[in-house]
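Engineer: Can you read through this structure? Questions will come right after.
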Amino acid sequence: MSTSSLFRPFSLKSLNIKNRIVMAPMTRSFSPGGIPTPDVAAYYSRRAAGDVGLILSEGTVIERVSSSNDNNIPHFYGEQALNGWASVIDGVHAAGGSMGPQIWHMGIMDNHHSGWLPAEPFEGPSGILRPGVSNGKAMTEADIADAISAYGRAAADAKRLGFDCVELHGAHSYLIDQFFWNETNKRTDIYGGDSITARNKFAIDVIKEVRRQVGEDFTIIIRLSQFKPSDYNFKLAKTSKEMEEWLQPLADAGIDIFHCSQRRFWEPEFEGSDLNFAGWAKKITGKATITVGSVGLSGEFLAAFRGESSEPSSLTELIRRMDRGDFDLVAVGRAILADPLWVQKIKEDRTSELKGFSKEALGQLL
Ligand SMILES: Cc1cc2nc3c(=O)[nH]c(=O)nc-3n(C[C@H](O)[C@H](O)[C@H](O)COP(=O)(O)O)c2cc1C
């Protein structure tokens, strides 16, 4: 099987990358006090030197007191943290790579097992983490306005530091996704309502503010998921029509690329077609899309958090879908977390050298 379709360049506004492979955003919790260390910079530049086309950083949080539940997750605000990120992007560029930070606010969270807590309660649309579980407060309209400007400032800082694009984390039940879902968004003001059109408003305001801050020519990605970590089979959009009602307004607000998170990229989104989430997002909006989920590995990532190992697996089905035009880019998580040279091994067909993934890789910055 030829993997050459993965090794075509890709350009969209500020983003100009040498191949179609994206390192998926992966939280590592190696940034004490929110400051990325030289080890973090070296970890990312090893991926650039290993020919990853676009690196998306681990989620890095905006300037709200309770945007994070873990003191070792990097901030994307404050002089020290931004200096740390400047070293990261300079290292990546020196090694020939491209990178965007994944801008994050966790919203309502479980308390972290370390016992660390932010100085103020977690905040979200309604204080609800998942059905039946609350842990924090409902944001006031002033809190929402401040969070929107904090997203905008983070994006402007990303551009100023020289990053190639920015990704908004709108997936996996974190803040933006908590606004999308009627079980976590019970608001009765303009940020809530019965329809996805109403509950889209927070994301749309964030996207418009980010676009205002970075200008027309800077590439904005949004990461979305249908599934919830608390419910793998959940679908926010149950039909392609509902997906259009969800995604088209986000595209119109300024999104350039939809990053469509799935646990397994080959799973069809709706009955009657084998198109996956990225396939539908591209068909509906006409925007570029990124697929993700168990590329090159036998098992999926949430099982990996429970200690499950994965073996290398074939890319044939991925290439078939890519050659059909379903998506533009392919994000790879654990395989690249475990092996900075994964891309080169794929390109050179060195399959016997592929390592798969085991949980030991999570505890270190290989
Ligand atoms: C250790 C780890 C941390 C992760 N952290 C994030 C994150 O910060 N933001 C995010 O959107 N997804 C996160 N994910 C999900 C990955 O980006 C990716 O979607 C998932 O691992 C599936 O890709 P894979 O099967 O190639 O690993 C994380 C996954 C792992 C394994």
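Following the order of the structure tokens, chains are lettered A, B, ..., residues in each are numbered from 1, and ligands are numbered from 1.
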Can you pull out every residue with an atom within 9 Å of ligand 1? Use only C-alpha atoms and all ligand atoms and format it as a PyMOL selection string.

Structural biologist: chain A and resi 23-28+56-60+102+104+168-172+223-225+260-265+292-302+304-305+331-337+357+361-362

Engineer: Could those selected residues go to a file with C-alpha atoms, as a PDB file, in the first residue's frame?

Structural biologist:
ATOM      1  CA  MET A  23       0.129  15.455  15.987  1.00  0.00           C
ATOM      2  CA  ALA A  24      -3.119  15.327  17.985  1.00  0.00           C
ATOM      3  CA  PRO A  25      -3.340  17.553  21.065  1.00  0.00           C
ATOM      4  CA  MET A  26      -2.369  15.527  24.142  1.00  0.00           C
ATOM      5  CA  THR A  27      -2.322  16.777  27.711  1.00  0.00           C
ATOM      6  CA  ARG A  28       0.920  15.774  29.379  1.00  0.00           C
ATOM      7  CA  LEU A  56      -1.139  20.706  17.819  1.00  0.00           C
ATOM      8  CA  SER A  57      -0.094  21.372  21.387  1.00  0.00           C
ATOM      9  CA  GLU A  58      -1.635  19.777  24.420  1.00  0.00           C
ATOM     10  CA  GLY A  59      -4.603  21.783  25.687  1.00  0.00           C
ATOM     11  CA  THR A  60      -3.297  25.045  27.170  1.00  0.00           C
ATOM     12  CA  GLN A 102      -4.861  24.104  21.492  1.00  0.00           C
ATOM     13  CA  TRP A 104      -8.659  25.418  26.305  1.00  0.00           C
ATOM     14  CA  LEU A 168     -10.044  25.995  19.870  1.00  0.00           C
ATOM     15  CA  HIS A 169     -10.894  23.011  22.066  1.00  0.00           C
ATOM     16  CA  GLY A 170     -14.623  22.585  21.562  1.00  0.00           C
ATOM     17  CA  ALA A 171     -14.744  18.802  22.164  1.00  0.00           C
ATOM     18  CA  HIS A 172     -14.883  16.134  24.886  1.00  0.00           C
ATOM     19  CA  ARG A 223     -11.958  20.564  17.619  1.00  0.00           C
ATOM     20  CA  LEU A 224     -15.361  19.006  18.107  1.00  0.00           C
ATOM     21  CA  SER A 225     -16.662  15.604  19.180  1.00  0.00           C
ATOM     22  CA  CYS A 260     -13.473  15.949  14.117  1.00  0.00           C
ATOM     23  CA  SER A 261     -12.650  13.839  17.135  1.00  0.00           C
ATOM     24  CA  GLN A 262     -13.635  10.175  17.049  1.00  0.00           C
ATOM     25  CA  ARG A 263     -12.314   7.236  19.041  1.00  0.00           C
ATOM     26  CA  ARG A 264     -12.086   5.200  15.813  1.00  0.00           C
ATOM     27  CA  PHE A 265     -11.852   7.080  12.522  1.00  0.00           C
ATOM     28  CA  VAL A 292      -8.491  11.286  14.109  1.00  0.00           C
ATOM     29  CA  GLY A 293      -8.961   8.166  16.166  1.00  0.00           C
ATOM     30  CA  SER A 294      -6.871   4.992  16.399  1.00  0.00           C
ATOM     31  CA  VAL A 295      -4.879   5.753  13.240  1.00  0.00           C
ATOM     32  CA  GLY A 296      -2.165   3.108  12.996  1.00  0.00           C
ATOM     33  CA  LEU A 297      -3.157   1.459  16.291  1.00  0.00           C
ATOM     34  CA  SER A 298      -5.344  -1.508  17.232  1.00  0.00           C
ATOM     35  CA  GLY A 299      -7.042  -0.030  20.351  1.00  0.00           C
ATOM     36  CA  GLU A 300      -8.648   3.336  21.161  1.00  0.00           C
ATOM     37  CA  PHE A 301      -7.415   6.129  23.446  1.00  0.00           C
ATOM     38  CA  LEU A 302      -9.890   6.078  26.325  1.00  0.00           C
ATOM     39  CA  ALA A 304      -5.388   3.510  26.903  1.00  0.00           C
ATOM     40  CA  PHE A 305      -6.126   5.674  29.974  1.00  0.00           C
ATOM     41  CA  ALA A 331      -4.266  13.531  13.343  1.00  0.00           C
ATOM     42  CA  VAL A 332      -2.316  10.856  15.163  1.00  0.00           C
ATOM     43  CA  GLY A 333      -2.156  10.809  18.947  1.00  0.00           C
ATOM     44  CA  ARG A 334      -0.670   7.943  20.898  1.00  0.00           C
ATOM     45  CA  ALA A 335       1.501   6.535  18.098  1.00  0.00           C
ATOM     46  CA  ILE A 336       3.352   9.893  17.919  1.00  0.00           C
ATOM     47  CA  LEU A 337       3.333  10.357  21.710  1.00  0.00           C
ATOM     48  CA  PHE A 357       1.583   2.173  22.350  1.00  0.00           C
ATOM     49  CA  ALA A 361       4.703   6.199  27.416  1.00  0.00           C
ATOM     50  CA  LEU A 362       2.165   8.363  29.274  1.00  0.00           C
TER      51      LEU A 362
END

Engineer: Applying 8 Å and only C-alpha atoms, which residues near Trp246 (chain A) remain after dropping the ones on its own chain fewer than 4 positions away? List them as a PyMOL selection string.

Structural biologist: chain A and resi 196-197+200+237+242+250

Engineer: Which of these, A:Gly279, A:Gly152, A:Gly162, A:Pro125, has the shortest distance to Gly192 (chain A) once you count only C-alpha atoms?

Structural biologist: A:Pro125

Engineer: Taking the DSSP assignment computed from this structure's backbone, write out as a PyMOL selection string all residues of region 260-290 of chain A that belong to alpha helix (DSSP H).

Structural biologist: chain A and resi 277-285

Engineer: With a distance cut-off of 7 Å and only C-alpha atoms, select the neighbouring residues of Gly124 (chain A), excluding the residue or stretch itself and same-chain residues fewer than 2 positions from it, and output the selection as a PyMOL selection string.

Structural biologist: chain A and resi 107-108+122+126-127+137-139+175

Engineer: Got time to write the residues from that selection, N, CA and C atoms, as a PDB file, in the first residue's frame?

Structural biologist:
ATOM      1  N   GLY A 107     -13.926  24.275  31.849  1.00  0.00           N
ATOM      2  CA  GLY A 107     -15.318  24.360  32.322  1.00  0.00           C
ATOM      3  C   GLY A 107     -15.490  23.634  33.645  1.00  0.00           C
ATOM      4  N   ILE A 108     -16.672  23.053  33.838  1.00  0.00           N
ATOM      5  CA  ILE A 108     -16.938  22.300  35.065  1.00  0.00           C
ATOM      6  C   ILE A 108     -16.153  20.987  35.020  1.00  0.00           C
ATOM      7  N   PHE A 122     -14.970  25.860  39.889  1.00  0.00           N
ATOM      8  CA  PHE A 122     -15.083  25.639  38.437  1.00  0.00           C
ATOM      9  C   PHE A 122     -16.302  26.379  37.917  1.00  0.00           C
ATOM     10  N   SER A 126     -23.893  25.963  33.441  1.00  0.00           N
ATOM     11  CA  SER A 126     -24.899  25.791  34.507  1.00  0.00           C
ATOM     12  C   SER A 126     -24.345  25.088  35.744  1.00  0.00           C
ATOM     13  N   GLY A 127     -23.036  24.940  35.853  1.00  0.00           N
ATOM     14  CA  GLY A 127     -22.465  24.254  37.022  1.00  0.00           C
ATOM     15  C   GLY A 127     -22.530  22.738  36.930  1.00  0.00           C
ATOM     16  N   LYS A 137     -19.911  26.572  39.501  1.00  0.00           N
ATOM     17  CA  LYS A 137     -20.978  27.588  39.422  1.00  0.00           C
ATOM     18  C   LYS A 137     -21.355  27.899  37.973  1.00  0.00           C
ATOM     19  N   ALA A 138     -22.563  28.435  37.815  1.00  0.00           N
ATOM     20  CA  ALA A 138     -23.006  28.908  36.505  1.00  0.00           C
ATOM     21  C   ALA A 138     -22.341  30.263  36.234  1.00  0.00           C
ATOM     22  N   MET A 139     -21.800  30.423  35.047  1.00  0.00           N
ATOM     23  CA  MET A 139     -21.141  31.695  34.706  1.00  0.00           C
ATOM     24  C   MET A 139     -22.181  32.809  34.566  1.00  0.00           C
ATOM     25  N   LEU A 175     -15.459  23.260  28.298  1.00  0.00           N
ATOM     26  CA  LEU A 175     -16.362  24.412  28.386  1.00  0.00           C
ATOM     27  C   LEU A 175     -17.226  24.651  27.135  1.00  0.00           C
TER      28      LEU A 175
END

Engineer: In Å, with one decimal, what is the gap from CA of Thr316 (chain A) to CA of Thr3 (chain A)?

Structural biologist: 8.5 Å

Engineer: Could you pull out the strand (DSSP E or B) residues of region 103-142 of chain A, going by DSSP on the backbone, and write them as number ranges by chain?

Structural biologist: A: 103-104, 123-124, 128-130, 133-134, 137-138

Engineer: With N, CA and C atoms kept, could you save the residues just selected as a CSV table (one decimal), in the first residue's frame?

Structural biologist:
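Dumped everything to out35.csv:
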chain,number,residue,atom,x,y,z
A,103,ILE,N,-6.2,25.9,22.4
A,103,ILE,CA,-6.6,26.8,23.4
A,103,ILE,C,-7.8,26.3,24.2
A,104,TRP,N,-7.8,26.3,25.5
A,104,TRP,CA,-8.7,25.4,26.3
A,104,TRP,C,-9.2,26.2,27.5
A,123,GLU,N,-16.2,26.8,36.6
A,123,GLU,CA,-17.3,27.6,36.1
A,123,GLU,C,-17.8,27.0,34.7
A,124,GLY,N,-19.0,27.0,34.5
A,124,GLY,CA,-19.6,26.5,33.2
A,124,GLY,C,-20.9,27.1,32.9
A,128,ILE,N,-23.0,22.2,35.8
A,128,ILE,CA,-23.2,20.8,35.7
A,128,ILE,C,-22.1,20.1,34.9
A,129,LEU,N,-21.5,19.0,35.4
A,129,LEU,CA,-20.4,18.3,34.8
A,129,LEU,C,-21.0,17.3,33.8
A,130,ARG,N,-21.9,16.5,34.2
A,130,ARG,CA,-22.7,15.6,33.4
A,130,ARG,C,-24.0,15.3,34.1
A,133,VAL,N,-24.5,15.3,38.0
A,133,VAL,CA,-23.2,15.7,38.7
A,133,VAL,C,-22.9,17.2,38.5
A,134,SER,N,-22.9,17.9,39.6
A,134,SER,CA,-22.6,19.3,39.6
A,134,SER,C,-21.3,19.5,40.4
A,137,LYS,N,-19.9,26.6,39.5
A,137,LYS,CA,-21.0,27.6,39.4
A,137,LYS,C,-21.4,27.9,38.0
A,138,ALA,N,-22.6,28.4,37.8
A,138,ALA,CA,-23.0,28.9,36.5
A,138,ALA,C,-22.3,30.3,36.2

Engineer: Which residue is closest to Gly136 (chain A)? Choose from A:Asn69, A:Ser230, A:Ser352, A:Gln80 and count only C-alpha atoms.

Structural biologist: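 Of all the options, A:Asn69 lies closest to Gly136 (chain A).
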
Engineer: Determine, counting only C-alpha atoms, which protein, DNA and RNA residues have an atom within 7 Å of an atom of region 144-151 of chain A; residues of the same chain fewer than 6 positions away are not included. Present the result as a VMD selection string.

Structural biologist: chain A and resid 62 to 64 205 to 206 209 to 210

Engineer: Grab the residues selected above and save them as a short mmCIF file (atom, residue, chain, number, x, y, z; two decimals), in the first residue's frame with N, CA and C atoms.

Structural biologist:
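Full text of selection_27.cif as output:
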data_model
loop_
_atom_site.label_atom_id
_atom_site.label_comp_id
_atom_site.auth_asym_id
_atom_site.auth_seq_id
_atom_site.Cartn_x
_atom_site.Cartn_y
_atom_site.Cartn_z
N ILE A 62 -6.78 29.25 29.04
CA ILE A 62 -6.93 30.70 28.94
C ILE A 62 -6.95 31.34 30.34
N GLU A 63 -6.89 32.66 30.33
CA GLU A 63 -6.75 33.41 31.59
C GLU A 63 -8.09 33.59 32.30
N ARG A 64 -8.53 32.51 32.92
CA ARG A 64 -9.66 32.55 33.85
C ARG A 64 -9.20 31.76 35.08
N ASP A 205 -19.56 33.34 19.53
CA ASP A 205 -18.96 34.57 20.07
C ASP A 205 -17.45 34.40 20.27
N VAL A 206 -17.04 33.21 20.72
CA VAL A 206 -15.59 32.95 20.89
C VAL A 206 -14.90 33.01 19.53
N GLU A 209 -14.60 36.54 18.18
CA GLU A 209 -13.60 37.33 18.90
C GLU A 209 -12.18 36.89 18.51
N VAL A 210 -12.00 35.58 18.37
CA VAL A 210 -10.68 35.08 17.95
C VAL A 210 -10.37 35.60 16.55
#

Engineer: Would you mind telling me which residue in A:Tyr174, A:Ala119, A:Thr285, A:Ser314 lies nearest to Glu244 (chain A) when using only C-alpha atoms?

Structural biologist: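 Nearest candidate to Glu244 (chain A) out of A:Tyr174, A:Ala119, A:Thr285, A:Ser314: A:Thr285.
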
Engineer: Give me the residues near Lys159 (chain A) as a PyMOL selection string, where near means some atom within 12 Å (using only C-alpha atoms) and where sequence neighbours in that chain fewer than 4 positions away do not count.

Structural biologist: chain A and resi 14-15+82+85-86+89+99-101+152-155+163-167+210-211+213-215+217-220

Engineer: Restricting the calculation to only C-alpha atoms: of A:Asp339, A:Leu236, A:His112, A:Val22, which residue gets closest to Gln364 (chain A)?

Structural biologist: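 So, comparing all the options, the nearest one is A:Asp339.
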
Engineer: Neighbours of Ile190 (chain A) within 9 Å (only C-alpha atoms; same-chain residues fewer than 6 positions away dropped), as a ChimeraX atom specification?

Structural biologist: /A:198-199,201-202

Engineer: May I ask which of the residues A:Asn16, A:Ser114, A:Ser67, A:Thr140 is the closest one to Gly96 (chain A), counting only C-alpha atoms?

Structural biologist: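 Nearest to Gly96 (chain A): A:Asn16.
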
Engineer: Nearest residue to Asp328 (chain A) out of A:Arg187, A:Lys347, A:Lys283, A:His105, using only C-alpha atoms?

Structural biologist: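 With only C-alpha atoms as the atom set, the closest residue is A:Lys283.
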
Engineer: Find the spatial neighbours of Val52 (chain A), counting only C-alpha atoms, within a cut-off of 9 Å - ignore same-chain residues fewer than 6 positions away - and output them as a CSV table (one decimal) with C-alpha atoms, in the first residue's frame.

Structural biologist:
chain,number,residue,atom,x,y,z
A,18,LYS,CA,4.9,19.6,4.3
A,19,ASN,CA,2.6,16.6,4.8
A,20,ARG,CA,-0.9,15.7,6.0
A,21,ILE,CA,0.0,14.3,9.3
A,22,VAL,CA,-1.0,16.2,12.5
A,23,MET,CA,0.1,15.5,16.0
A,97,GLY,CA,7.9,22.0,11.7
A,98,SER,CA,4.7,23.9,12.1
A,336,ILE,CA,3.4,9.9,17.9
A,340,PRO,CA,8.8,10.9,17.7
A,341,LEU,CA,9.9,9.1,14.5
A,342,TRP,CA,6.5,7.5,13.6
A,343,VAL,CA,6.0,9.7,10.6
A,344,GLN,CA,9.4,8.9,9.1
